Every structure is written in C-alpha cells, then in structure tokens.
file structure.txt (compact mmCIF, C-alpha atoms)
# COMPACT_ATOMS: atom_id res chain seq x y z
CA MET W 284 156.91 35.82 133.68
CA HIS W 285 158.97 35.26 136.83
CA LYS W 286 159.74 31.57 137.35
CA THR W 287 162.82 29.72 138.52
CA LEU W 288 164.77 27.65 136.06
CA ALA W 289 163.83 24.54 138.06
CA GLU W 290 160.10 25.34 137.77
CA ILE W 291 160.40 25.75 134.00
CA ALA W 292 162.39 22.52 133.67
CA GLU W 293 159.61 20.67 135.44
CA LEU W 294 157.08 21.94 132.88
CA VAL W 295 159.01 20.33 130.00
CA ASP W 296 160.50 17.27 131.76
CA GLY W 297 163.96 18.79 131.51
CA THR W 298 167.08 18.51 133.66
CA VAL W 299 168.66 21.62 135.15
CA VAL W 300 172.39 22.15 134.74
CA GLY W 301 173.60 25.00 136.94
CA ASP W 302 171.56 27.28 139.22
CA GLY W 303 168.00 25.99 139.43
CA ASN W 304 166.98 29.02 141.50
CA LEU W 305 167.83 31.41 138.68
CA ILE W 306 164.83 33.67 137.97
CA VAL W 307 163.72 33.72 134.33
CA LYS W 308 161.97 36.95 133.31
CA GLY W 309 161.35 36.40 129.61
CA LEU W 310 161.93 34.38 126.45
CA SER W 311 163.96 35.37 123.41
CA GLY W 312 166.01 34.15 120.46
CA ILE W 313 169.63 33.44 121.21
CA LYS W 314 170.90 36.49 119.28
CA GLU W 315 168.34 38.94 120.69
CA ALA W 316 168.33 37.69 124.29
CA ARG W 317 169.04 39.98 127.25
CA GLU W 318 169.96 39.29 130.84
CA GLY W 319 167.13 37.40 132.55
CA ASP W 320 165.96 35.76 129.31
CA LEU W 321 165.67 32.05 128.56
CA THR W 322 166.58 31.00 125.04
CA PHE W 323 167.07 27.67 123.24
CA LEU W 324 169.61 26.01 120.98
CA ALA W 325 168.60 23.13 118.72
CA ASN W 326 170.99 23.35 115.77
CA SER W 327 174.67 22.59 116.29
CA LYS W 328 175.77 25.30 113.84
CA TYR W 329 174.60 27.92 116.36
CA PHE W 330 176.63 26.51 119.28
CA PRO W 331 179.27 29.30 118.99
CA LEU W 332 176.52 31.77 119.95
CA LEU W 333 176.61 30.32 123.47
CA GLU W 334 179.81 32.33 123.96
CA THR W 335 178.23 35.65 122.98
CA THR W 336 174.57 35.46 123.98
CA LYS W 337 173.39 37.67 126.84
CA ALA W 338 170.72 35.14 127.87
CA SER W 339 170.84 33.94 131.45
CA ALA W 340 169.80 30.39 130.59
CA VAL W 341 169.40 28.16 127.56
CA ILE W 342 167.49 24.99 126.64
CA ILE W 343 169.87 22.53 124.99
CA PRO W 344 169.89 18.91 123.74
CA ARG W 345 170.83 16.33 126.32
CA GLY W 346 174.58 15.78 126.54
CA THR W 347 175.44 19.26 125.23
CA ASN W 348 177.85 21.50 127.12
CA ALA W 349 176.36 24.98 127.63
CA GLY W 350 179.58 26.33 129.10
CA ARG W 351 179.13 29.34 131.36
CA ILE W 352 175.33 29.53 131.02
CA ALA W 353 172.76 27.76 133.18
CA ALA W 354 170.80 25.27 131.11
CA ILE W 355 167.85 22.92 130.83
CA GLU W 356 168.63 19.69 129.00
CA THR W 357 165.75 18.16 127.01
CA GLU W 358 165.25 15.68 124.20
CA ASN W 359 163.83 18.38 121.90
CA PRO W 360 164.82 21.96 122.80
CA SER W 361 162.70 23.57 120.09
CA LEU W 362 159.57 21.75 121.21
CA ALA W 363 160.28 22.50 124.89
CA PHE W 364 160.74 26.20 124.14
CA SER W 365 157.50 26.23 122.15
CA ARG W 366 155.59 24.67 125.04
CA ILE W 367 156.92 27.29 127.44
CA ALA W 368 156.06 30.10 125.01
CA THR W 369 152.53 28.69 124.66
CA LEU W 370 152.01 28.70 128.42
CA ILE W 371 153.20 32.30 128.64
CA SER W 372 151.09 33.47 125.69
CA HIS W 373 147.98 31.98 127.31
CA ASP W 374 148.71 34.13 130.33
CA LYS W 375 149.12 37.30 128.28
CA VAL W 376 146.24 37.06 125.77
CA SER W 377 142.99 38.57 126.98
CA ARG W 378 140.15 36.22 126.06
CA PRO W 379 136.38 36.59 126.28
CA GLU W 380 134.84 35.28 129.44
CA GLY W 381 131.25 34.11 129.34
CA ILE W 382 128.78 35.31 126.71
CA HIS W 383 129.03 39.02 125.91
CA PRO W 384 125.66 40.82 126.02
CA THR W 385 126.03 42.08 122.42
CA THR W 386 126.30 38.54 121.07
CA VAL W 387 123.33 37.37 118.96
CA ILE W 388 122.56 33.69 119.54
CA ALA W 389 119.62 31.90 117.92
CA GLY W 390 117.19 30.32 120.36
CA ASP W 391 117.83 26.80 119.10
CA ALA W 392 121.62 27.08 118.94
CA VAL W 393 123.37 24.74 121.41
CA LEU W 394 126.37 25.92 123.43
CA GLY W 395 128.32 23.45 125.56
CA LYS W 396 129.88 23.99 128.96
CA ASN W 397 132.32 26.84 129.54
CA VAL W 398 131.83 28.36 126.07
CA ASN W 399 133.08 31.95 125.82
CA VAL W 400 131.83 34.34 123.13
CA GLY W 401 133.09 37.88 122.48
CA PRO W 402 131.21 41.04 121.44
CA TYR W 403 129.07 41.27 118.30
CA THR W 404 129.40 37.63 117.31
CA VAL W 405 126.41 35.97 115.61
CA ILE W 406 125.55 32.30 116.10
CA GLU W 407 122.76 31.20 113.77
CA SER W 408 119.92 28.72 114.12
CA GLY W 409 120.86 25.08 114.70
CA ALA W 410 124.53 25.79 115.31
CA VAL W 411 126.36 23.71 117.93
CA ILE W 412 129.44 24.90 119.87
CA GLY W 413 131.40 22.33 121.90
CA ASP W 414 132.60 22.55 125.49
CA ASN W 415 135.42 24.93 126.43
CA THR W 416 135.51 26.64 123.03
CA THR W 417 136.34 30.35 122.83
CA ILE W 418 134.96 32.56 120.05
CA PHE W 419 136.30 36.10 119.87
CA SER W 420 134.45 39.21 118.65
CA HIS W 421 132.78 39.86 115.29
CA CYS W 422 132.57 36.22 114.23
CA PHE W 423 129.75 34.58 112.26
CA ILE W 424 128.72 30.96 112.83
CA GLY W 425 126.18 29.93 110.19
CA HIS W 426 123.04 27.86 110.63
CA GLN W 427 123.61 24.19 111.44
CA ALA W 428 127.38 24.74 111.64
CA ARG W 429 129.18 22.66 114.26
CA VAL W 430 132.31 23.69 116.17
CA GLY W 431 133.92 21.05 118.39
CA ARG W 432 135.41 21.13 121.88
CA GLU W 433 138.31 23.31 123.05
CA GLY W 434 138.37 25.34 119.85
CA LEU W 435 139.87 28.80 119.50
CA ILE W 436 138.13 31.06 116.98
CA TYR W 437 139.87 34.43 116.69
CA PRO W 438 138.11 37.70 115.67
CA ASN W 439 136.47 38.37 112.30
CA ILE W 440 136.03 34.77 111.18
CA THR W 441 133.18 33.50 109.03
CA ILE W 442 132.10 29.88 109.39
CA ARG W 443 129.31 29.37 106.90
CA GLU W 444 126.22 27.17 107.08
CA ARG W 445 126.56 23.42 107.69
CA VAL W 446 130.36 23.56 108.07
CA VAL W 447 131.69 20.97 110.54
CA ILE W 448 134.76 21.75 112.63
CA GLY W 449 136.37 19.18 114.92
CA ASP W 450 137.93 19.41 118.38
CA ARG W 451 140.88 21.61 119.37
CA VAL W 452 140.84 23.54 116.08
CA ILE W 453 142.50 26.97 115.99
CA ILE W 454 141.39 29.47 113.35
CA HIS W 455 143.10 32.85 112.97
CA SER W 456 141.54 36.18 112.05
CA GLY W 457 140.03 36.94 108.67
CA THR W 458 139.52 33.34 107.58
CA VAL W 459 136.38 32.29 105.68
CA ILE W 460 135.30 28.65 105.75
CA GLY W 461 132.49 27.46 103.52
CA SER W 462 132.30 30.21 100.90
CA ASP W 463 130.93 29.07 97.54
CA GLY W 464 133.24 27.11 95.29
CA PHE W 465 134.23 28.90 92.07
CA GLY W 466 131.91 27.09 89.68
CA PHE W 467 130.43 28.50 86.48
CA VAL W 468 129.36 27.16 83.11
CA ASN W 469 129.46 29.29 79.97
CA VAL W 470 126.08 29.35 78.22
CA LYS W 471 126.01 31.36 75.00
CA GLY W 472 128.78 33.62 76.23
CA VAL W 473 127.32 34.12 79.70
CA ASN W 474 128.93 32.63 82.85
CA VAL W 475 126.11 30.93 84.74
CA LYS W 476 126.70 30.06 88.40
CA ILE W 477 126.70 26.38 89.37
CA PRO W 478 125.14 25.90 92.84
CA GLN W 479 127.62 24.76 95.49
CA ILE W 480 125.47 22.66 97.80
CA GLY W 481 128.17 20.70 99.65
CA THR W 482 130.02 21.66 102.82
CA VAL W 483 133.44 21.74 104.54
CA GLU W 484 134.77 19.35 107.18
CA ILE W 485 137.72 20.44 109.33
CA GLN W 486 138.95 17.50 111.41
CA ASP W 487 140.50 17.52 114.91
CA ASP W 488 143.70 19.40 115.84
CA VAL W 489 143.86 21.49 112.67
CA GLU W 490 145.28 25.02 112.78
CA ILE W 491 144.29 27.51 110.08
CA GLY W 492 146.15 30.80 109.60
CA ALA W 493 144.88 34.31 108.93
CA ASN W 494 142.97 35.20 105.77
CA VAL W 495 142.61 31.64 104.54
CA THR W 496 139.68 30.72 102.30
CA ILE W 497 138.33 27.17 102.18
CA ASP W 498 135.47 26.72 99.70
CA ARG W 499 132.49 24.45 100.20
CA ALA W 500 132.13 21.50 97.86
CA ARG W 501 129.84 21.47 94.85
CA PHE W 502 128.56 18.16 96.24
CA ASP W 503 129.69 16.21 99.32
CA LYS W 504 132.48 18.04 101.20
CA THR W 505 135.85 19.74 101.14
CA VAL W 506 138.01 18.02 103.80
CA ILE W 507 140.98 19.17 105.88
CA GLY W 508 142.47 16.14 107.63
CA ARG W 509 143.37 15.68 111.29
CA GLY W 510 146.47 17.53 112.48
CA THR W 511 147.01 19.53 109.28
CA LYS W 512 148.50 23.02 109.68
CA ILE W 513 147.67 25.78 107.19
CA ASP W 514 149.61 29.05 107.01
CA ASN W 515 148.22 32.51 106.19
CA LEU W 516 146.79 33.53 102.80
CA VAL W 517 146.01 30.06 101.45
CA GLN W 518 143.19 29.30 98.98
CA ILE W 519 141.65 25.82 99.02
CA ALA W 520 139.02 25.25 96.36
CA HIS W 521 135.85 23.15 96.31
CA ASN W 522 136.01 19.37 96.81
CA VAL W 523 139.70 19.43 97.74
CA ARG W 524 140.65 16.66 100.16
CA ILE W 525 143.72 17.22 102.33
CA GLY W 526 144.97 14.29 104.38
CA GLU W 527 146.30 14.12 107.91
CA ASN W 528 149.31 16.06 109.23
CA CYS W 529 149.90 18.06 106.07
CA ILE W 530 151.74 21.38 106.04
CA ILE W 531 150.39 24.06 103.70
CA VAL W 532 152.59 27.17 103.66
CA SER W 533 151.59 30.76 102.87
CA GLN W 534 150.12 31.76 99.48
CA VAL W 535 149.49 28.23 98.29
CA GLY W 536 146.56 27.77 95.92
CA ILE W 537 144.92 24.36 95.46
CA SER W 538 142.42 23.97 92.64
CA GLY W 539 139.19 22.01 92.86
CA SER W 540 138.86 18.26 93.41
CA THR W 541 142.55 17.73 94.11
CA THR W 542 143.62 15.21 96.78
CA LEU W 543 146.61 15.56 99.08
CA GLU W 544 147.38 12.32 100.88
CA ASN W 545 148.82 12.23 104.43
CA ASN W 546 151.96 14.16 105.43
CA VAL W 547 152.22 16.26 102.28
CA THR W 548 154.10 19.57 102.49
CA LEU W 549 153.38 22.37 100.03
CA ALA W 550 155.92 25.18 100.46
CA GLY W 551 155.17 28.87 99.90
CA GLN W 552 153.42 30.00 96.71
CA VAL W 553 152.92 26.53 95.29
CA GLY W 554 150.09 26.33 92.76
CA VAL W 555 148.26 23.04 92.18
CA VAL W 556 145.88 22.30 89.29
CA GLY W 557 142.59 20.53 89.85
CA HIS W 558 141.65 16.83 89.73
CA ILE W 559 145.08 15.39 90.57
CA THR W 560 146.56 13.49 93.54
CA ILE W 561 149.73 14.32 95.44
CA GLY W 562 150.98 11.18 97.14
CA ALA W 563 151.72 10.72 100.83
CA ASN W 564 154.94 12.08 102.37
CA THR W 565 155.63 14.29 99.36
CA VAL W 566 157.27 17.73 99.53
CA VAL W 567 156.67 20.34 96.83
CA ALA W 568 159.26 23.12 97.02
CA SER W 569 158.33 26.81 96.97
CA LYS W 570 156.98 28.62 93.91
CA SER W 571 156.36 25.36 92.07
CA GLY W 572 153.50 24.78 89.66
CA VAL W 573 152.03 21.27 89.85
CA PRO W 574 150.24 20.23 86.62
CA ASN W 575 150.07 16.46 87.15
CA SER W 576 149.72 13.88 89.90
CA ILE W 577 152.82 13.15 92.00
CA PRO W 578 153.69 9.71 93.42
CA PRO W 579 154.19 9.20 97.17
CA ASN W 580 157.49 9.87 98.94
CA SER W 581 158.65 12.42 96.35
CA ILE W 582 160.31 15.83 96.34
CA TYR W 583 159.23 18.03 93.42
CA TRP W 584 160.23 21.52 92.33
CA GLY W 585 159.86 23.91 89.40
CA ILE W 586 157.39 25.23 86.85
CA PRO W 587 156.21 22.74 85.82
CA ALA W 588 157.18 20.72 88.90
CA ASN W 589 159.56 17.82 88.29
CA PRO W 590 161.46 15.41 90.56
CA ILE W 591 163.93 17.63 92.36
CA MET W 592 167.16 16.27 90.89
CA GLU W 593 165.76 16.54 87.36
CA ALA W 594 164.49 20.04 88.16
CA LYS W 595 167.95 21.06 89.41
CA ARG W 596 169.55 19.82 86.18
CA ILE W 597 167.01 21.76 84.14
CA ASN W 598 167.59 24.87 86.22
CA ALA W 599 171.36 24.54 85.89
CA SER W 600 170.96 24.36 82.12
CA VAL W 601 168.70 27.41 82.10
CA GLN W 602 171.25 29.37 84.13
CA ARG W 603 173.84 28.62 81.39
CA LEU W 604 171.64 29.88 78.53
CA PRO W 605 173.75 33.05 77.98
CA HIS W 606 176.80 30.81 77.58
CA TYR W 607 174.94 28.51 75.18
CA VAL W 608 173.79 31.52 73.13
CA LYS W 609 177.37 32.71 72.85
CA VAL W 610 178.56 29.24 71.78
CA ILE W 611 175.77 28.99 69.17
CA GLN W 612 176.64 32.43 67.77
CA GLU W 613 180.30 31.43 67.47
CA LEU W 614 179.37 28.15 65.80
CA LYS W 615 177.06 30.03 63.44
CA LYS W 616 179.94 32.31 62.38
CA LYS W 617 182.21 29.29 61.81
CA VAL W 618 179.54 27.54 59.73
CA GLU W 619 179.02 30.69 57.67
CA ALA W 620 182.79 30.96 57.11
CA LEU W 621 183.01 27.30 56.02
CA GLU W 622 180.05 27.73 53.66
CA SER W 623 181.74 30.79 52.15
CA ARG W 624 184.99 28.85 51.61
CA LEU W 625 183.12 25.96 49.99
CA LYS W 626 181.35 28.33 47.59
CA ASN W 627 184.66 29.93 46.63
CA MET W 628 186.20 26.48 46.07
CA GLU W 629 183.29 25.44 43.86
CA ALA W 630 183.49 28.69 41.90
CA SER W 631 187.16 28.16 41.20
call {"tool": "encode", "arguments": {"input": "structure.txt", "output": "structure tokens"}}
result
Amino acid sequence: MHKTLAEIAELVDGTVVGDGNLIVKGLSGIKEAREGDLTFLANSKYFPLLETTKASAVIIPRGTNAGRIAAIETENPSLAFSRIATLISHDKVSRPEGIHPTTVIAGDAVLGKNVNVGPYTVIESGAVIGDNTTIFSHCFIGHQARVGREGLIYPNITIRERVVIGDRVIIHSGTVIGSDGFGFVNVKGVNVKIPQIGTVEIQDDVEIGANVTIDRARFDKTVIGRGTKIDNLVQIAHNVRIGENCIIVSQVGISGSTTLENNVTLAGQVGVVGHITIGANTVVASKSGVPNSIPPNSIYWGIPANPIMEAKRINASVQRLPHYVKVIQELKKKVEALESRLKNMEAS
C-alpha cells in the first residue's frame, strides 16, 4: 500500500487536515503503529495516545484536534478504517481465477458470469452459483443447492443438498451448512434417527465465521436472516429462525426450533434452550444460559438468565456468601448459648 493521505480520504469521504501528500505505507492500531502507518481513533478515552503514537496519520471524528499528526476527519472513524482495510485486504488475498481444471462440476449445474472456483471443489447436480461468486478450494456444493451473487466461499466448506444461500454472503473455512439436525426418538432403549428432510436458508448479506454448523430443519427450513453476522464456532440447531441484523458471538449454541427476532445479540458462550423466542433488540450477555423466552428490548445475563439488574443483585449476593456463612455461624452460636441459658434457668 502506497497512497497519499488525500487519495485515502477520497475513498471514505473524509477531509484532510495537514499534509495531503503524505504517503501512507500501512495500517495499524494506534499503540502498535510505526512511521508511515495510518491509524484511527474513535473513542475519546484514547485521545492521549495521539501524543505518543508513532503513526504518521490518524482518522479522527470531525471537529477533533489531532495535534501534531496529519489526519482525516470523518463521521465514523472506525467504519472508515474498516473500509480502507477491506480495500487493502482484497489486494493482498490471492483468489481463484476462472474454473480450476481439478474442479468437478455436474453437467447440469449452472454457473453464472464471472464465477471463480478453486482446486478440488465439487459442485453437484442441479446446483446454481450466482454471478461474480468466488469459491475457494476443497469445497462441496450439494445437489440442488443455490449460492447467490457476489458470494465468497472460503476453503473447506460444505454446503449440503438443497441449501439456499443469498447474495453477498461470506462463509469462512470449515463451516458446514445443512448437516442433519440432531433428532432421535428412544424406542425400547434404542435411539432411532428421525429423518431431517428440511433445508437451510441463508439470506442476503450474511457473514458466517469459521467452523460454524447450521443444521437443516426436520421439516421446512432453518433460517438465518438478512444482514446477520455469526462468529466462529457457533452451533445452530434444526428449525432455528434467526432474524435480520443479529449478532451471534463465538461458541454460542442455539437449540432446535428457537426464534431470534431482529437485532438480537448473543454474546460469547451463550446457551439457548429449544422452542423459545428471544424478542427483538435484545442483548444476552456472555456465558448466560437462556431457559425461557425473553421479551423485546431486554438485556439478560446469568445462569439462568435474568434481567440484567436483577442478575447483578443476585450475583452481588452470591459474592457475599462467605460473609453470610460467617454471620449465620455466629448467630448459631448465640442461639445455642441462649438455649443453654434457658435450660439452666428452667432447671433452677
């Protein structure tokens, strides 16, 4: 990367303060930056770092004084920095071009314009791949699966039969979409498999992290709503329905037939039981266990999860248990002493 500060500002609709001809050679965090780097500052508590950073330029909120450092003023420095990083990463990542000769593509599979497929990928009968989609190496696209336009399918991904994936979906390595839901019925002590004949629908603009598993529905479909972002190592069970613009953080597990309405955030390691609904705009804090439905516009935390202020009171009480034990032991001794005195009084 060798661009002038003015050229970068133009990419993000920013305003240059200082030397617009300054050459930017790289991007970095404000603490790690070296001479020639561009960094960003979005949180006011980090403003003192402007005095010590070695960065040559910084992206700052409009109206902020960057002091000695050249700057780009924007409405949202974090978003601007992310856009620049995305442009640079596209330049650096080597992607498949065209259809690699080792790819196995069924005769009736349909590939749109400008589709790129890497080595040793298999595209089964009846599959459809949309225009400008890139599929890296060692992927499997099952029969009658559909992948939309401008998708990015990284290596070692399995998209099983009849799965439907929308436009501009990004899926990271190791993810499996459309594996069988975990369904069994116990018959005379034997666990008998229940057929999982549904599918999975991933809507537009979803991003799915590495090593995520999304199970197909027993009937109908498991749904991931438009714009939802899923972190690494997440398990989503059969018939789950996740709404639009949800955030699902690493190591979350969602049991079958649960519904997340729009704009729900599940923080890391949250576990959710099946057949409940988590209302829109709700946040469930990390390591919580959710046993019941949650109303919209809530913040829940704990095991079991409770409204956050109630959960904090419960946690504060739990933290004082050693004190309460000591108080109870002292009270017990006093009660025993009083009982002893009463017995002596009665005896006399």
call {"tool": "residues_near_point", "arguments": {"input": "structure.txt", "point": "(143.5, 20.9, 113.0)", "cutoff": "6 Å", "atoms": "all atoms listed in the file", "output": "list in words"}}
result
Val452, Gln486, Asp487, Asp488, Val489, Glu490, Arg509, Gly510 and Thr511 of chain W
call {"tool": "residues_around", "arguments": {"input": "structure.txt", "residues": "segment 340-348 of chain W", "least_positions_apart": "5", "cutoff": "6 Å", "atoms": "all atoms listed in the file", "output": "list in words"}}
result
Leu321, Thr322, Phe323, Leu324, Ala353, Ala354, Ile355, Glu356, Thr357, Glu358 and Pro360 of chain W
call {"tool": "closest_atom_pairs", "arguments": {"input": "structure.txt", "of": "segment 507-550 of chain W", "to": "segment 577-581 of chain W", "cutoff": "10 Å", "atoms": "only C-alpha atoms", "output": "Markdown table"}}
result
| residue | atom | partner | partner_atom | distance |
| --- | --- | --- | --- | --- |
| W:Leu543 | CA | W:Ile577 | CA | 9.7 |
| W:Glu544 | CA | W:Pro579 | CA | 8.4 |
| W:Asn545 | CA | W:Pro579 | CA | 9.5 |
| W:Asn546 | CA | W:Asn580 | CA | 9.5 |
| W:Val547 | CA | W:Asn580 | CA | 8.9 |
call {"tool": "write_last_selection", "arguments": {"input": "structure.txt", "atoms": "C-alpha atoms", "output": "JSON list (two decimals), in the coordinates of the input"}}
result
[["chain", "number", "residue", "atom", "x", "y", "z"],
["W", 543, "LEU", "CA", 146.61, 15.56, 99.08],
["W", 544, "GLU", "CA", 147.38, 12.32, 100.88],
["W", 545, "ASN", "CA", 148.82, 12.23, 104.43],
["W", 546, "ASN", "CA", 151.96, 14.16, 105.43],
["W", 547, "VAL", "CA", 152.22, 16.26, 102.28]]
call {"tool": "residues_around", "arguments": {"input": "structure.txt", "residues": "Ile436 of chain W", "least_positions_apart": "6", "cutoff": "10 Å", "atoms": "only C-alpha atoms", "output": "PyMOL selection string"}}
result
chain W and resi 400+416-420+422+430+442+452-456+458+491
call {"tool": "atom_distance", "arguments": {"input": "structure.txt", "atom1": "atom CA of Ile291 of chain W", "atom2": "atom CA of Ile313 of chain W"}}
result
17.5 Å
call {"tool": "closest_residue", "arguments": {"input": "structure.txt", "among": "W:Ile460, W:Ala594, W:Val405, W:Val506", "to": "Pro384 of chain W", "atoms": "only C-alpha atoms"}}
result
W:Val405
call {"tool": "closest_residue", "arguments": {"input": "structure.txt", "among": "W:Gly434, W:Gly539, W:Gly492, W:Gly413", "to": "Lys504 of chain W", "atoms": "all atoms listed in the file"}}
result
W:Gly539
call {"tool": "closest_residue", "arguments": {"input": "structure.txt", "among": "W:Ala550, W:Ala289, W:Ile412, W:Leu370", "to": "Tyr583 of chain W", "atoms": "only C-alpha atoms"}}
result
W:Ala550
call {"tool": "atom_distance", "arguments": {"input": "structure.txt", "atom1": "atom CA of Lys328 of chain W", "atom2": "atom CA of Ile352 of chain W"}}
result
17.7 Å
call {"tool": "residues_around", "arguments": {"input": "structure.txt", "residues": "Val393 of chain W", "least_positions_apart": "4", "cutoff": "8 Å", "atoms": "only C-alpha atoms", "output": "list in words"}}
result
Gly409, Ala410, Val411 and Ile412 of chain W
call {"tool": "atom_distance", "arguments": {"input": "structure.txt", "atom1": "atom CA of Asn598 of chain W", "atom2": "atom CA of Val567 of chain W"}}
result
15.9 Å
call {"tool": "closest_residue", "arguments": {"input": "structure.txt", "among": "W:Ala325, W:Glu444, W:Thr541, W:Gly536", "to": "Gly572 of chain W", "atoms": "only C-alpha atoms"}}
result
W:Gly536
call {"tool": "residues_around", "arguments": {"input": "structure.txt", "residues": "segment 462-477 of chain W", "least_positions_apart": "4", "cutoff": "9 Å", "atoms": "all atoms listed in the file", "output": "MDAnalysis selection string"}}
result
chainID W and resid 441:443 496:501 520:522 539
call {"tool": "closest_residue", "arguments": {"input": "structure.txt", "among": "W:Leu332, W:Ala363, W:Ala338, W:Ala349", "to": "Asp296 of chain W", "atoms": "all atoms listed in the file"}}
result
W:Ala363
call {"tool": "closest_residue", "arguments": {"input": "structure.txt", "among": "W:Ile480, W:His558, W:Tyr437, W:Gly508", "to": "Gly449 of chain W", "atoms": "all atoms listed in the file"}}
result
W:Gly508
call {"tool": "residues_around", "arguments": {"input": "structure.txt", "residues": "Ile367 of chain W", "least_positions_apart": "3", "cutoff": "10 Å", "atoms": "all atoms listed in the file", "output": "ChimeraX atom specification"}}
result
/W:291-292,294-295,310,362-364,370-372
call {"tool": "build_atoms", "arguments": {"input": "structure.txt", "residues": "segment 361-387 of chain W", "atoms": "N, CA and C atoms", "output": "short mmCIF file (atom, residue, chain, number, x, y, z; two decimals), in the coordinates of the input"}}
result
data_model
loop_
_atom_site.label_atom_id
_atom_site.label_comp_id
_atom_site.auth_asym_id
_atom_site.auth_seq_id
_atom_site.Cartn_x
_atom_site.Cartn_y
_atom_site.Cartn_z
N SER W 361 163.65 22.72 120.81
CA SER W 361 162.70 23.57 120.09
C SER W 361 161.28 23.33 120.57
N LEU W 362 160.91 22.07 120.74
CA LEU W 362 159.57 21.75 121.21
C LEU W 362 159.37 22.23 122.64
N ALA W 363 160.39 22.05 123.50
CA ALA W 363 160.28 22.50 124.89
C ALA W 363 160.09 24.01 124.95
N PHE W 364 160.86 24.74 124.16
CA PHE W 364 160.74 26.20 124.14
C PHE W 364 159.35 26.62 123.66
N SER W 365 158.83 25.91 122.66
CA SER W 365 157.50 26.23 122.15
C SER W 365 156.43 26.01 123.21
N ARG W 366 156.56 24.94 123.98
CA ARG W 366 155.59 24.67 125.04
C ARG W 366 155.61 25.77 126.10
N ILE W 367 156.81 26.22 126.44
CA ILE W 367 156.92 27.29 127.44
C ILE W 367 156.31 28.57 126.89
N ALA W 368 156.61 28.88 125.63
CA ALA W 368 156.06 30.10 125.01
C ALA W 368 154.54 30.04 124.96
N THR W 369 153.99 28.85 124.71
CA THR W 369 152.53 28.69 124.66
C THR W 369 151.91 28.98 126.02
N LEU W 370 152.53 28.46 127.07
CA LEU W 370 152.01 28.70 128.42
C LEU W 370 152.04 30.19 128.76
N ILE W 371 153.09 30.87 128.36
CA ILE W 371 153.20 32.30 128.64
C ILE W 371 152.19 33.08 127.83
N SER W 372 152.02 32.73 126.54
CA SER W 372 151.09 33.47 125.69
C SER W 372 149.66 33.33 126.19
N HIS W 373 149.32 32.15 126.73
CA HIS W 373 147.98 31.98 127.31
C HIS W 373 147.76 32.94 128.46
N ASP W 374 148.83 33.21 129.21
CA ASP W 374 148.71 34.13 130.33
C ASP W 374 148.52 35.57 129.87
N LYS W 375 149.10 35.92 128.72
CA LYS W 375 149.12 37.30 128.28
C LYS W 375 147.91 37.69 127.43
N VAL W 376 147.33 36.74 126.68
CA VAL W 376 146.24 37.06 125.77
C VAL W 376 144.94 37.21 126.55
N SER W 377 144.28 38.34 126.34
CA SER W 377 142.99 38.57 126.98
C SER W 377 141.90 37.89 126.15
N ARG W 378 141.17 36.98 126.77
CA ARG W 378 140.15 36.22 126.06
C ARG W 378 138.77 36.55 126.60
N PRO W 379 137.74 36.39 125.77
CA PRO W 379 136.38 36.59 126.28
C PRO W 379 136.08 35.64 127.43
N GLU W 380 135.29 36.12 128.34
CA GLU W 380 134.84 35.28 129.44
C GLU W 380 133.32 35.33 129.48
N GLY W 381 132.70 34.16 129.38
CA GLY W 381 131.25 34.11 129.34
C GLY W 381 130.72 34.55 127.99
N ILE W 382 129.45 34.89 127.94
CA ILE W 382 128.78 35.31 126.71
C ILE W 382 128.56 36.83 126.78
N HIS W 383 129.17 37.56 125.88
CA HIS W 383 129.03 39.02 125.91
C HIS W 383 127.59 39.42 125.58
N PRO W 384 127.07 40.44 126.24
CA PRO W 384 125.66 40.82 126.02
C PRO W 384 125.33 41.27 124.60
N THR W 385 126.32 41.68 123.81
CA THR W 385 126.03 42.08 122.42
C THR W 385 125.99 40.91 121.46
N THR W 386 126.34 39.72 121.92
CA THR W 386 126.30 38.54 121.07
C THR W 386 124.86 38.20 120.69
N VAL W 387 124.65 37.79 119.43
CA VAL W 387 123.33 37.37 118.96
C VAL W 387 123.35 35.86 118.77
#
